[in-house]
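Everything below concerns the one structure shown next.
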Amino acid sequence: MKRSEKAERIGLQLDELYPETPIPLHHSSAYTLLVAVMLSAQTTDKKVNQVTPELFAKASTETEMAALKVGEIQEIIREIGLAPTKAKNLHRMAKQLIEGGGMRADWEFLESLAGVGHKTASVVMAQWYGIPAFPVDTHIHRLAQRWGLSEGRNVVQVEKDLKALWPEELWISRHLQIIFFGREFCPARSHDLANCQICGWAATKKRIRDEAKR
C-alpha cells in the first residue's frame, strides 16, 4: 500500500475516533499556552495542568513572570520534570518577550526564546494563531515510524514526511489526533501491534518484528 493511501485510511479512522481535537493543556492566552507547552516536555499534560493554576495565578503575563525570582518559579513547578532548567528558561523567556515587544506569530522570534524549540513554537503557532503546523512529539515520531509513514530518524524529516501526506488544513487536527491515539491505544512499550486497530494493518512487517524482540 502506498504511503498516501495508508495516510488517507489512517486519517479516516482518526476522524472517526476523534472528531473533536481540544487542546489538552489549560491556557487562556498565547503566552500561557507557550508556558504550558514548555512545561510539558518530559512531563504529562495532566501534571502540567495541576501545576499551572498556581503559576498563572501569580504570573499569567510575561511581566508578572519576570518579576518573580527563579527560585519562586521553581518552587511552584517543582513536581514538573526538569524543573530547575524550566524555571530559568521561563524567567529568561519572560524578559526576552518584554524586550521583544510581547507574543506574536513569528517563527524566528518564538524559536529565539529561551527554552523554546521548533516543536514548542509549532504548537503555539498552530493552536493559538491558527497557522498550519505539524508539531512532532515522541508519540507522533513513534507512530509515524510504526505505521510506515516516515523512516525519518529525526523530527525534522518526520515533520516533512507527514506534511506531505495530508493537506495543510488537516495538519493542526491530525497532529492532535495522532497524539490522542498514541496515548490511548498505542503505547511505546509492551504494545501488541498485530491486534492494534491501526498498527494491525498499517505497521510494516519489519516494525512488528523489531518491536517483538524488545
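Residues in the C-alpha cells are numbered from 1 in each chain, the chains being A, B, ... in the order shown, and ligands are numbered from 1 in the order shown.
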
**Request:** Would you please give, as a ChimeraX atom specification, all residues of chain A that DSSP assigns to alpha helix (DSSP H) based on the backbone?
**Result:** /A:3-17,30-40,45-58,62-67,70-76,83-100,107-111,118-127,138-146,155-165,168-185,199-202,205-212

Give me the region 53-126 of chain A side of the contact with region 130-142 of chain A, cut-off 8 Å, one line per residue showing its nearest atom pair and distance in Å at one decimal, counting only C-alpha atoms, sorted by chain and residue number, as a tab-separated table.
```
residue	atom	partner	partner_atom	distance
A:His118	CA	A:Pro135	CA	7.9
A:Lys119	CA	A:Pro135	CA	5.0
A:Thr120	CA	A:Pro135	CA	7.5
A:Ser122	CA	A:Pro135	CA	5.4
A:Val123	CA	A:Pro135	CA	6.0
A:Met125	CA	A:Ile131	CA	5.4
A:Ala126	CA	A:Gly130	CA	4.6
```

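Every protein, DNA or RNA residue with an atom at most 8 Å from Gln74 (chain A), where only C-alpha atoms count and chain neighbours fewer than 4 positions away do not, is listed here: Val70, Arg78, Ala83, Pro84, Lys86 and Ala87 of chain A.
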
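Checking A:Gly200, A:Arg174, A:Gly152, A:Ser190 one by one against Gly11 (chain A), counting only C-alpha atoms, you find the shortest gap at A:Arg174.
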
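Considering only C-alpha atoms, the residue among A:Leu97, A:Val51, A:Leu170, A:Met38 positioned nearest to Ala66 (chain A) is A:Leu97.
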
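The gap separating CA of Ile178 (chain A) from CA of Pro22 (chain A) is 12.8 Å, in Å to one decimal.
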